[in-house]
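S.K.: Please find run.cif (mmCIF, C-alpha atoms) on the next line:
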```cif
data_final
loop_
_atom_site.group_PDB
_atom_site.id
_atom_site.type_symbol
_atom_site.label_atom_id
_atom_site.label_comp_id
_atom_site.auth_asym_id
_atom_site.auth_seq_id
_atom_site.Cartn_x
_atom_site.Cartn_y
_atom_site.Cartn_z
ATOM 1 C CA MET P 1 61.258 -55.234 -11.708
ATOM 2 C CA LYS P 2 64.445 -54.808 -13.772
ATOM 3 C CA ASP P 3 64.391 -58.477 -14.760
ATOM 4 C CA GLU P 4 60.709 -58.332 -15.582
ATOM 5 C CA ILE P 5 61.282 -55.383 -17.917
ATOM 6 C CA TYR P 6 64.315 -57.012 -19.509
ATOM 7 C CA ASN P 7 62.444 -60.295 -20.083
ATOM 8 C CA GLU P 8 59.569 -58.362 -21.572
ATOM 9 C CA LEU P 9 61.908 -56.898 -24.192
ATOM 10 C CA LYS P 10 64.518 -59.546 -24.929
ATOM 11 C CA ASP P 11 62.448 -61.536 -27.442
ATOM 12 C CA LYS P 12 60.503 -58.758 -29.078
ATOM 13 C CA ALA P 13 63.230 -56.110 -29.120
ATOM 14 C CA PRO P 14 66.666 -57.766 -28.700
ATOM 15 C CA LEU P 15 68.647 -54.729 -29.845
ATOM 16 C CA LEU P 16 66.775 -52.432 -27.495
ATOM 17 C CA SER P 17 67.185 -54.823 -24.586
ATOM 18 C CA SER P 18 70.943 -54.955 -25.198
ATOM 19 C CA ILE P 19 71.368 -51.208 -24.626
ATOM 20 C CA GLU P 20 72.636 -50.429 -21.166
ATOM 21 C CA LYS P 21 70.329 -48.048 -19.350
ATOM 22 C CA LYS P 22 71.986 -45.009 -17.802
ATOM 23 C CA HIS P 23 71.358 -41.343 -17.116
ATOM 24 C CA LEU P 24 72.169 -39.684 -20.408
ATOM 25 C CA PHE P 25 71.279 -36.131 -19.526
ATOM 26 C CA ASP P 26 73.619 -34.137 -17.349
ATOM 27 C CA THR P 27 72.366 -31.416 -15.060
ATOM 28 C CA PRO P 28 74.211 -28.264 -13.940
ATOM 29 C CA GLU P 29 76.459 -28.721 -10.935
ATOM 30 C CA ASN P 30 74.620 -28.930 -7.562
ATOM 31 C CA TYR P 31 71.312 -28.698 -9.399
ATOM 32 C CA PHE P 32 69.466 -31.115 -7.102
ATOM 33 C CA GLU P 33 70.974 -29.545 -3.958
ATOM 34 C CA GLN P 34 69.562 -26.157 -4.963
ATOM 35 C CA LEU P 35 66.246 -27.234 -6.481
ATOM 36 C CA PRO P 36 64.286 -27.631 -3.186
ATOM 37 C CA SER P 37 65.113 -24.096 -2.027
ATOM 38 C CA ALA P 38 64.351 -22.718 -5.514
ATOM 39 C CA ILE P 39 60.938 -24.396 -5.314
ATOM 40 C CA GLN P 40 60.267 -23.083 -1.778
ATOM 41 C CA GLN P 41 61.205 -19.581 -2.931
ATOM 42 C CA LYS P 42 58.838 -19.796 -5.909
ATOM 43 C CA ILE P 43 56.033 -21.040 -3.660
ATOM 44 C CA LYS P 44 56.449 -18.001 -1.376
ATOM 45 C CA GLN P 45 56.601 -15.733 -4.430
ATOM 46 C CA THR P 46 53.433 -17.318 -5.873
ATOM 47 C CA GLU P 47 51.581 -16.857 -2.582
ATOM 48 C CA THR P 48 52.552 -13.165 -2.427
ATOM 49 C CA ASN P 49 51.657 -12.719 -6.091
ATOM 50 C CA THR P 50 48.222 -14.301 -5.581
ATOM 51 C CA PHE P 51 47.440 -11.695 -2.917
ATOM 52 C CA LYS P 52 48.865 -8.871 -5.034
ATOM 53 C CA THR P 53 46.905 -10.017 -8.122
ATOM 54 C CA LEU P 54 43.686 -10.164 -6.129
ATOM 55 C CA PHE P 55 44.314 -6.723 -4.691
ATOM 56 C CA SER P 56 45.272 -5.184 -8.046
ATOM 57 C CA LYS P 57 42.163 -6.733 -9.624
ATOM 58 C CA LEU P 58 40.024 -5.035 -7.022
ATOM 59 C CA LEU P 59 41.666 -1.735 -7.919
ATOM 60 C CA LYS P 60 40.900 -2.054 -11.635
ATOM 61 C CA PRO P 61 38.129 0.379 -12.772
ATOM 62 C CA GLN P 62 35.739 -2.336 -14.002
ATOM 63 C CA PHE P 63 35.985 -4.249 -10.698
ATOM 64 C CA ALA P 64 35.710 -1.048 -8.668
ATOM 65 C CA ILE P 65 32.549 -0.042 -10.582
ATOM 66 C CA GLY P 66 31.081 -3.530 -10.150
ATOM 67 C CA LEU P 67 31.855 -3.513 -6.447
ATOM 68 C CA SER P 68 30.321 -0.030 -6.038
ATOM 69 C CA VAL P 69 27.117 -1.147 -7.799
ATOM 70 C CA ILE P 70 26.864 -4.196 -5.516
ATOM 71 C CA LEU P 71 27.447 -2.055 -2.396
ATOM 72 C CA LEU P 72 24.856 0.521 -3.519
ATOM 73 C CA ALA P 73 22.271 -2.159 -4.298
ATOM 74 C CA GLY P 74 22.926 -3.798 -0.914
ATOM 75 C CA SER P 75 22.616 -0.503 0.973
ATOM 76 C CA PHE P 76 19.365 0.320 -0.856
ATOM 77 C CA TYR P 77 17.916 -3.100 -0.005
ATOM 78 C CA LEU P 78 18.868 -2.827 3.694
ATOM 79 C CA TYR P 79 17.496 0.735 3.923
ATOM 80 C CA ASN P 80 14.164 -0.340 2.392
ATOM 81 C CA GLN P 81 13.869 -3.242 4.781
ATOM 82 C CA TYR P 82 14.543 -0.993 7.774
ATOM 83 C CA LYS P 83 12.008 1.566 6.513
ATOM 84 C CA THR P 84 9.250 -1.063 6.049
ATOM 85 C CA GLU P 85 9.803 -2.455 9.558
ATOM 86 C CA ASN P 86 9.681 1.035 11.108
ATOM 87 C CA ASN P 87 6.449 1.877 9.247
ATOM 88 C CA GLN P 88 4.882 -1.292 10.585
ATOM 89 C CA TYR P 89 5.816 -0.513 14.192
ATOM 90 C CA ALA P 90 4.503 3.071 13.801
ATOM 91 C CA PHE P 91 1.200 1.736 12.473
ATOM 92 C CA VAL P 92 0.921 -0.722 15.378
ATOM 93 C CA ALA P 93 1.673 2.045 17.893
ATOM 94 C CA VAL P 94 -1.117 4.260 16.499
ATOM 95 C CA ASN P 95 -3.693 1.473 16.046
ATOM 96 C CA VAL P 96 -2.870 -0.795 18.991
ATOM 97 C CA ASP P 97 -6.366 -0.470 20.504
ATOM 98 C CA SER P 98 -8.212 -1.516 17.375
ATOM 99 C CA LEU P 99 -6.011 -4.507 16.562
ATOM 100 C CA ASN P 100 -6.674 -7.974 17.968
ATOM 101 C CA VAL P 101 -3.938 -10.352 19.218
ATOM 102 C CA ASN P 102 -3.656 -12.275 15.942
ATOM 103 C CA GLU P 103 -3.229 -9.123 13.892
ATOM 104 C CA LEU P 104 -0.634 -7.877 16.348
ATOM 105 C CA SER P 105 1.343 -11.118 16.215
ATOM 106 C CA ASP P 106 1.262 -10.984 12.410
ATOM 107 C CA MET P 107 2.625 -7.458 12.354
ATOM 108 C CA LEU P 108 5.235 -7.809 15.078
ATOM 109 C CA ASP P 109 7.780 -10.552 15.372
ATOM 110 C CA THR P 110 7.647 -12.923 18.311
ATOM 111 C CA ASP P 111 10.498 -11.259 20.187
ATOM 112 C CA GLN P 112 8.722 -7.952 19.995
ATOM 113 C CA LEU P 113 5.494 -9.465 21.309
ATOM 114 C CA GLU P 114 7.288 -11.155 24.199
ATOM 115 C CA SER P 115 8.803 -7.874 25.280
ATOM 116 C CA ILE P 116 5.364 -6.231 25.263
ATOM 117 C CA ALA P 117 3.256 -9.031 26.798
ATOM 118 C CA PRO P 118 3.543 -9.656 30.532
ATOM 119 C CA THR P 119 5.000 -13.080 30.875
ATOM 120 C CA ASP P 120 5.945 -13.212 34.514
ATOM 121 C CA ASN P 121 3.096 -12.995 37.024
ATOM 122 C CA ASP P 122 5.298 -13.999 39.990
ATOM 123 C CA ALA P 123 6.336 -10.415 40.704
ATOM 124 C CA ASP P 124 2.662 -9.293 40.974
ATOM 125 C CA THR P 125 1.801 -12.213 43.277
ATOM 126 C CA GLU P 126 4.781 -11.412 45.494
ATOM 127 C CA THR P 127 3.692 -7.758 45.757
ATOM 128 C CA ILE P 128 0.112 -8.747 46.708
ATOM 129 C CA ASN P 129 1.325 -11.224 49.338
ATOM 130 C CA TYR P 130 3.629 -8.584 50.803
ATOM 131 C CA LEU P 131 0.757 -6.120 51.051
ATOM 132 C CA ILE P 132 -1.589 -8.660 52.719
ATOM 133 C CA GLU P 133 1.054 -9.499 55.296
ATOM 134 C CA ASN P 134 2.038 -5.925 56.053
ATOM 135 C CA TYR P 135 -1.258 -4.022 55.888
ATOM 136 C CA ASN P 136 -3.744 -5.085 58.551
ATOM 137 C CA ASP P 137 -6.436 -2.700 57.437
ATOM 138 C CA LEU P 138 -8.839 -5.146 55.823
ATOM 139 C CA SER P 139 -11.034 -2.377 54.548
ATOM 140 C CA TYR P 140 -8.262 -1.585 52.147
ATOM 141 C CA ASP P 141 -9.309 -2.921 48.790
ATOM 142 C CA ILE P 142 -6.477 -5.009 47.442
ATOM 143 C CA ASN P 143 -7.783 -4.620 43.907
ATOM 144 C CA ASP P 144 -7.129 -0.904 44.051
ATOM 145 C CA ILE P 145 -3.448 -1.397 44.375
ATOM 146 C CA MET E 146 68.062 -38.792 0.909
ATOM 147 C CA ASN E 147 65.408 -39.145 3.587
ATOM 148 C CA HIS E 148 63.941 -42.460 4.665
ATOM 149 C CA TYR E 149 60.454 -41.371 5.602
ATOM 150 C CA SER E 150 57.585 -43.214 3.974
ATOM 151 C CA ASP E 151 55.061 -41.207 1.952
ATOM 152 C CA LYS E 152 52.501 -41.794 4.706
ATOM 153 C CA GLU E 153 54.832 -40.352 7.356
ATOM 154 C CA LEU E 154 55.628 -37.349 5.174
ATOM 155 C CA LEU E 155 51.942 -36.657 4.558
ATOM 156 C CA GLU E 156 51.221 -36.938 8.299
ATOM 157 C CA GLN E 157 53.956 -34.412 9.030
ATOM 158 C CA PHE E 158 52.604 -32.153 6.298
ATOM 159 C CA ASN E 159 49.103 -32.213 7.758
ATOM 160 C CA ASN E 160 50.247 -31.849 11.375
ATOM 161 C CA GLY E 161 51.635 -28.332 11.167
ATOM 162 C CA ASN E 162 55.037 -29.234 9.769
ATOM 163 C CA ALA E 163 54.153 -28.469 6.157
ATOM 164 C CA ASP E 164 57.291 -26.614 5.027
ATOM 165 C CA TYR E 165 59.672 -29.219 6.442
ATOM 166 C CA ALA E 166 57.653 -32.193 5.183
ATOM 167 C CA PHE E 167 57.262 -30.696 1.729
ATOM 168 C CA ASN E 168 60.989 -30.058 1.516
ATOM 169 C CA LEU E 169 61.562 -33.740 2.232
ATOM 170 C CA ILE E 170 58.995 -34.724 -0.411
ATOM 171 C CA VAL E 171 60.814 -32.587 -2.988
ATOM 172 C CA ARG E 172 64.164 -34.101 -2.028
ATOM 173 C CA LYS E 173 62.735 -37.608 -2.258
ATOM 174 C CA TYR E 174 61.168 -37.262 -5.708
ATOM 175 C CA GLN E 175 62.965 -34.412 -7.503
ATOM 176 C CA GLN E 176 65.389 -36.606 -9.441
ATOM 177 C CA LYS E 177 62.734 -39.029 -10.673
ATOM 178 C CA ILE E 178 60.333 -36.271 -11.682
ATOM 179 C CA TYR E 179 63.086 -34.268 -13.376
ATOM 180 C CA ALA E 180 64.338 -37.306 -15.324
ATOM 181 C CA HIS E 181 60.801 -38.182 -16.449
ATOM 182 C CA VAL E 182 60.157 -34.617 -17.608
ATOM 183 C CA ARG E 183 63.575 -34.313 -19.253
ATOM 184 C CA HIS E 184 62.947 -37.424 -21.352
ATOM 185 C CA LEU E 185 59.762 -35.808 -22.635
ATOM 186 C CA VAL E 186 60.930 -32.242 -23.286
ATOM 187 C CA VAL E 187 64.717 -32.794 -23.750
ATOM 188 C CA ASP E 188 65.824 -29.249 -22.871
ATOM 189 C CA HIS E 189 67.184 -28.678 -19.343
ATOM 190 C CA ASP E 190 65.628 -25.231 -18.850
ATOM 191 C CA ASP E 191 62.194 -26.501 -19.890
ATOM 192 C CA ALA E 192 62.585 -29.569 -17.679
ATOM 193 C CA ASP E 193 63.660 -27.351 -14.775
ATOM 194 C CA ASP E 194 60.609 -25.076 -15.197
ATOM 195 C CA LEU E 195 58.228 -28.014 -15.486
ATOM 196 C CA THR E 196 59.714 -29.807 -12.471
ATOM 197 C CA GLN E 197 59.343 -26.666 -10.371
ATOM 198 C CA THR E 198 55.769 -26.132 -11.613
ATOM 199 C CA THR E 199 54.959 -29.753 -10.775
ATOM 200 C CA PHE E 200 56.065 -29.327 -7.155
ATOM 201 C CA ILE E 201 54.404 -25.915 -6.787
ATOM 202 C CA LYS E 202 51.104 -27.416 -7.970
ATOM 203 C CA ALA E 203 51.623 -30.332 -5.617
ATOM 204 C CA TRP E 204 52.180 -27.914 -2.716
ATOM 205 C CA LYS E 205 48.920 -26.133 -3.484
ATOM 206 C CA ALA E 206 46.904 -29.351 -3.718
ATOM 207 C CA LEU E 207 48.626 -31.463 -1.081
ATOM 208 C CA GLY E 208 46.218 -30.344 1.660
ATOM 209 C CA ASN E 209 43.377 -32.055 -0.238
ATOM 210 C CA PHE E 210 45.422 -35.130 -1.178
ATOM 211 C CA ARG E 211 43.545 -38.381 -0.541
ATOM 212 C CA ALA E 212 45.466 -40.658 1.809
ATOM 213 C CA ASP E 213 44.421 -43.737 -0.178
ATOM 214 C CA ALA E 214 46.220 -42.515 -3.327
ATOM 215 C CA GLN E 215 49.964 -42.961 -3.863
ATOM 216 C CA LEU E 216 52.005 -39.789 -3.555
ATOM 217 C CA TYR E 217 54.540 -40.810 -6.164
ATOM 218 C CA THR E 218 52.021 -41.712 -8.886
ATOM 219 C CA TRP E 219 50.196 -38.477 -8.099
ATOM 220 C CA LEU E 220 53.396 -36.455 -8.617
ATOM 221 C CA TYR E 221 54.078 -38.281 -11.870
ATOM 222 C CA ARG E 222 50.538 -37.541 -12.974
ATOM 223 C CA ILE E 223 50.972 -33.808 -12.353
ATOM 224 C CA ALA E 224 54.358 -33.815 -14.109
ATOM 225 C CA THR E 225 53.018 -35.732 -17.135
ATOM 226 C CA ASN E 226 50.049 -33.388 -17.474
ATOM 227 C CA GLU E 227 52.372 -30.407 -17.254
ATOM 228 C CA CYS E 228 54.461 -31.877 -20.095
ATOM 229 C CA TYR E 229 51.361 -32.479 -22.235
ATOM 230 C CA THR E 230 50.252 -28.874 -21.674
ATOM 231 C CA PHE E 231 53.743 -27.570 -22.390
ATOM 232 C CA LEU E 232 53.996 -29.445 -25.705
ATOM 233 C CA LYS E 233 50.444 -28.486 -26.676
ATOM 234 C CA ASN E 234 51.164 -24.811 -26.001
ATOM 235 C CA LYS E 235 54.372 -25.044 -27.989
ATOM 236 C CA ARG E 236 52.395 -26.275 -30.981
ATOM 237 C CA LYS E 237 49.766 -23.576 -30.580
ATOM 238 C CA ARG E 238 52.285 -20.788 -30.076
ATOM 239 C CA PHE E 239 54.289 -21.504 -33.161
ATOM 240 C CA PHE E 240 51.492 -23.024 -35.297
ATOM 241 C CA ILE E 241 53.718 -26.034 -35.797
ATOM 242 C CA PRO E 242 52.124 -29.294 -37.024
ATOM 243 C CA ILE E 243 52.413 -32.169 -34.506
ATOM 244 C CA HIS E 244 55.445 -33.914 -36.028
ATOM 245 C CA ASP E 245 57.433 -30.682 -36.131
ATOM 246 C CA VAL E 246 57.563 -30.352 -32.341
ATOM 247 C CA GLU E 247 59.131 -33.792 -32.250
ATOM 248 C CA ALA E 248 61.490 -32.759 -35.068
ATOM 249 C CA GLU E 249 62.421 -29.701 -33.041
ATOM 250 C CA LEU E 250 63.089 -31.893 -29.989
ATOM 251 C CA THR E 251 65.219 -34.255 -32.086
ATOM 252 C CA GLU E 252 67.198 -31.290 -33.380
ATOM 253 C CA LYS E 253 67.694 -30.117 -29.806
ATOM 254 C CA LEU E 254 68.805 -33.604 -28.834
ATOM 255 C CA GLU E 255 71.527 -33.597 -31.504
ATOM 256 C CA HIS E 256 72.906 -30.302 -30.244
ATOM 257 C CA GLU E 257 72.361 -30.929 -26.539
ATOM 258 C CA PRO E 258 75.742 -30.471 -24.862
ATOM 259 C CA SER E 259 74.614 -32.200 -21.670
ATOM 260 C CA LEU E 260 73.714 -35.428 -23.496
ATOM 261 C CA LYS E 261 76.400 -37.999 -22.835
ATOM 262 C CA ALA E 262 75.386 -40.716 -25.267
ATOM 263 C CA ASN E 263 77.102 -42.982 -27.747
ATOM 264 C CA GLU E 264 75.722 -43.461 -31.265
ATOM 265 C CA LEU E 265 73.315 -46.238 -30.338
ATOM 266 C CA GLU E 266 72.032 -44.387 -27.279
ATOM 267 C CA LEU E 267 71.470 -41.251 -29.362
ATOM 268 C CA LYS E 268 69.536 -43.351 -31.873
ATOM 269 C CA LEU E 269 67.423 -44.689 -29.053
ATOM 270 C CA GLN E 270 66.578 -41.156 -27.939
ATOM 271 C CA LYS E 271 65.623 -40.235 -31.492
ATOM 272 C CA ALA E 272 63.534 -43.388 -31.789
ATOM 273 C CA ILE E 273 61.672 -42.482 -28.599
ATOM 274 C CA LEU E 274 60.974 -39.008 -29.956
ATOM 275 C CA SER E 275 59.558 -40.543 -33.140
ATOM 276 C CA LEU E 276 56.769 -42.206 -31.121
ATOM 277 C CA PRO E 277 53.313 -40.674 -30.765
ATOM 278 C CA GLU E 278 53.136 -38.565 -27.602
ATOM 279 C CA LYS E 279 51.068 -40.919 -25.428
ATOM 280 C CA GLN E 280 53.115 -43.953 -26.492
ATOM 281 C CA ARG E 281 56.288 -42.027 -25.685
ATOM 282 C CA VAL E 282 55.056 -41.373 -22.152
ATOM 283 C CA VAL E 283 54.101 -45.040 -21.702
ATOM 284 C CA PHE E 284 57.485 -46.210 -22.964
ATOM 285 C CA THR E 285 59.417 -43.742 -20.793
ATOM 286 C CA LEU E 286 57.512 -44.665 -17.640
ATOM 287 C CA ARG E 287 58.086 -48.380 -18.158
ATOM 288 C CA TYR E 288 61.563 -48.438 -19.671
ATOM 289 C CA TYR E 289 63.333 -45.687 -17.705
ATOM 290 C CA ASP E 290 61.233 -45.299 -14.555
ATOM 291 C CA GLU E 291 60.618 -49.074 -14.350
ATOM 292 C CA MET E 292 57.095 -48.416 -13.182
ATOM 293 C CA LYS E 293 54.562 -51.195 -12.606
ATOM 294 C CA TYR E 294 51.645 -51.234 -15.048
ATOM 295 C CA GLU E 295 49.244 -50.721 -12.121
ATOM 296 C CA ASP E 296 51.060 -47.528 -11.133
ATOM 297 C CA MET E 297 51.223 -46.392 -14.749
ATOM 298 C CA SER E 298 47.483 -46.905 -14.879
ATOM 299 C CA ALA E 299 47.110 -44.553 -11.890
ATOM 300 C CA VAL E 300 49.346 -41.969 -13.577
ATOM 301 C CA LEU E 301 47.756 -42.057 -17.018
ATOM 302 C CA GLY E 302 44.200 -43.149 -16.253
ATOM 303 C CA THR E 303 44.446 -45.969 -18.824
ATOM 304 C CA SER E 304 43.749 -49.667 -18.308
ATOM 305 C CA VAL E 305 46.640 -52.061 -17.630
ATOM 306 C CA GLY E 306 45.816 -54.055 -20.776
ATOM 307 C CA ALA E 307 45.931 -50.969 -22.985
ATOM 308 C CA LEU E 308 49.227 -49.895 -21.410
ATOM 309 C CA LYS E 309 50.823 -53.308 -22.027
ATOM 310 C CA ALA E 310 49.736 -53.212 -25.665
ATOM 311 C CA SER E 311 50.969 -49.636 -26.049
ATOM 312 C CA TYR E 312 54.361 -50.472 -24.504
ATOM 313 C CA HIS E 313 54.854 -53.474 -26.777
ATOM 314 C CA HIS E 314 53.960 -51.462 -29.873
ATOM 315 C CA ALA E 315 56.396 -48.761 -28.774
ATOM 316 C CA ALA E 316 59.180 -51.294 -28.152
ATOM 317 C CA GLN E 317 58.663 -52.861 -31.582
ATOM 318 C CA LYS E 318 58.712 -49.483 -33.311
ATOM 319 C CA ILE E 319 61.913 -48.533 -31.500
ATOM 320 C CA GLU E 320 63.511 -51.852 -32.397
ATOM 321 C CA LYS E 321 62.696 -51.272 -36.068
ATOM 322 C CA PHE E 322 64.028 -47.722 -35.841
ATOM 323 C CA LEU E 323 67.286 -48.949 -34.304
ATOM 324 C CA GLN E 324 67.705 -51.710 -36.893
ATOM 325 C CA SER E 325 67.055 -49.375 -39.820
ATOM 326 C CA PHE E 326 70.251 -47.374 -39.201
#
```
Using structure tokens, write down the structure that the file contains.
M.R.:
Amino acid sequence: MKDEIYNELKDKAPLLSSIEKKHLFDTPENYFEQLPSAIQQKIKQTETNTFKTLFSKLLKPQFAIGLSVILLAGSFYLYNQYKTENNQYAFVAVNVDSLNVNELSDMLDTDQLESIAPTDNDADTETINYLIENYNDLSYDINDI
Amino acid sequence: MNHYSDKELLEQFNNGNADYAFNLIVRKYQQKIYAHVRHLVVDHDDADDLTQTTFIKAWKALGNFRADAQLYTWLYRIATNECYTFLKNKRKRFFIPIHDVEAELTEKLEHEPSLKANELELKLQKAILSLPEKQRVVFTLRYYDEMKYEDMSAVLGTSVGALKASYHHAAQKIEKFLQSF
């Protein structure tokens, strides 16, 4: 590389190419021995400062007001949502007899419907079988159980 | 001086050994980055600040560093951009026209106690400072850092052809400057 650079210059800039290249600028004693630890120290300082700056920004009045407005708006939204859902369940509870299945499924979410609707008939079948096996009185009407 | 390759250092950095690996990266490149910055801003304190800023920025971004890019050209890129920003801010802060920042740097150069240069070498430094900013960076990277044009292209985001032309213009201007005294 050195030769390539020298050859590049020797015809076009003979005076320049004749100057011997060397480090012209001195540095303070032990500068390069101390520089890595100075950099590491600054990095740690910067990381602490970033956290402090973020925290102090949050404490500034304009940020505090902004944050309060956001929290209030969020609380209001969540409260309204909760209220609407509760009203819907109250309506369903009062009018459950007059509503058909489709209307019910529209008003309640699927989880709610599953918890209301009987999904497991095995328990009933087991009970009936138990009664047939253990009660010999055939006059007993099984449907009355 | 450590003998780890950039790839090995990056692997160590990403595998939970970040502090140690980064320390080795700093030790490996600090002298080159400092020298590059010092040629552009002349003053030791400014060069020291900019070198530290370069490595701090590198630390912050190293987690997202693409393995296909070269670590050393990436560090040079950060350092060069820091120098551009530094010189731009200097102009803005003092409302100095462009050439005056260079005049200020030349003045600093003449009174720089840490500069160990003979008359011709001092002239060369002045000639370099008389170049337009981008040309100065191109010349410094090629002449002092002996960087390949392909790597310079990665540092400066300029085509190899344009860099060759820029370097030759710079060399001719410097030659004229040296001959005129």
S.K.: So, counting only C-alpha atoms, which residue among P:Tyr77, P:Phe63, P:Lys83, P:Ile39 is closest to Val171 in chain E?
M.R.: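 Selected residue with least distance to Val171 in chain E: P:Ile39.
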S.K.: Any chance you could tabulate, as a tab-separated table, the residues of chain E at most 8 Å from chain P with each one's nearest atom pair and distance in Å to one decimal, using all atoms listed in the file, in chain and rising number order?
M.R.:
```
residue	atom	partner	partner_atom	distance
E:Asn168	CA	P:Pro36	CA	6.2
E:Val171	CA	P:Pro36	CA	6.1
E:Arg172	CA	P:Pro36	CA	6.6
E:Gln175	CA	P:Phe32	CA	7.3
E:Gln176	CA	P:Phe32	CA	7.2
E:Arg183	CA	P:Phe25	CA	7.9
E:His189	CA	P:Thr27	CA	7.3
E:Gln197	CA	P:Ile39	CA	5.8
E:Phe200	CA	P:Ile39	CA	7.2
E:Ile201	CA	P:Ile43	CA	6.0
E:Trp204	CA	P:Ile43	CA	7.9
E:Ser259	CA	P:Asp26	CA	4.8
E:Leu260	CA	P:Phe25	CA	4.7
E:Lys261	CA	P:Leu24	CA	5.2
E:Ala262	CA	P:Leu24	CA	5.9
E:Leu265	CA	P:Ile19	CA	7.8
E:Glu266	CA	P:Ile19	CA	7.3
E:Leu269	CA	P:Leu16	CA	7.9
E:Arg287	CA	P:Ile5	CA	7.7
E:Tyr288	CA	P:Ile5	CA	7.2
E:Tyr289	CA	P:Lys21	CA	7.6
E:Glu291	CA	P:Met1	CA	6.7
E:Lys293	CA	P:Met1	CA	7.9
E:Ala316	CA	P:Ala13	CA	6.4
E:Gln317	CA	P:Ala13	CA	6.1
E:Ile319	CA	P:Leu16	CA	7.4
E:Glu320	CA	P:Ala13	CA	5.4
E:Leu323	CA	P:Leu15	CA	7.4
E:Gln324	CA	P:Leu15	CA	7.7
```
S.K.: Expressed in Å to a single decimal, how great is the separation between CA of Thr198 in chain E and CA of Leu155 in chain E?
M.R.: 19.7 Å
S.K.: With distances taken over all atoms listed in the file, which of E:Asn159, E:Gln270, E:Thr225, E:Asn209 is nearest to Glu257 in chain E?
M.R.: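 Answer, going by the shortest atom-to-atom distance: E:Gln270.
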S.K.: Report, in Å with one decimal, the straight-line distance from CA of Gly208 in chain E to CA of Thr303 in chain E.
M.R.: 25.8 Å
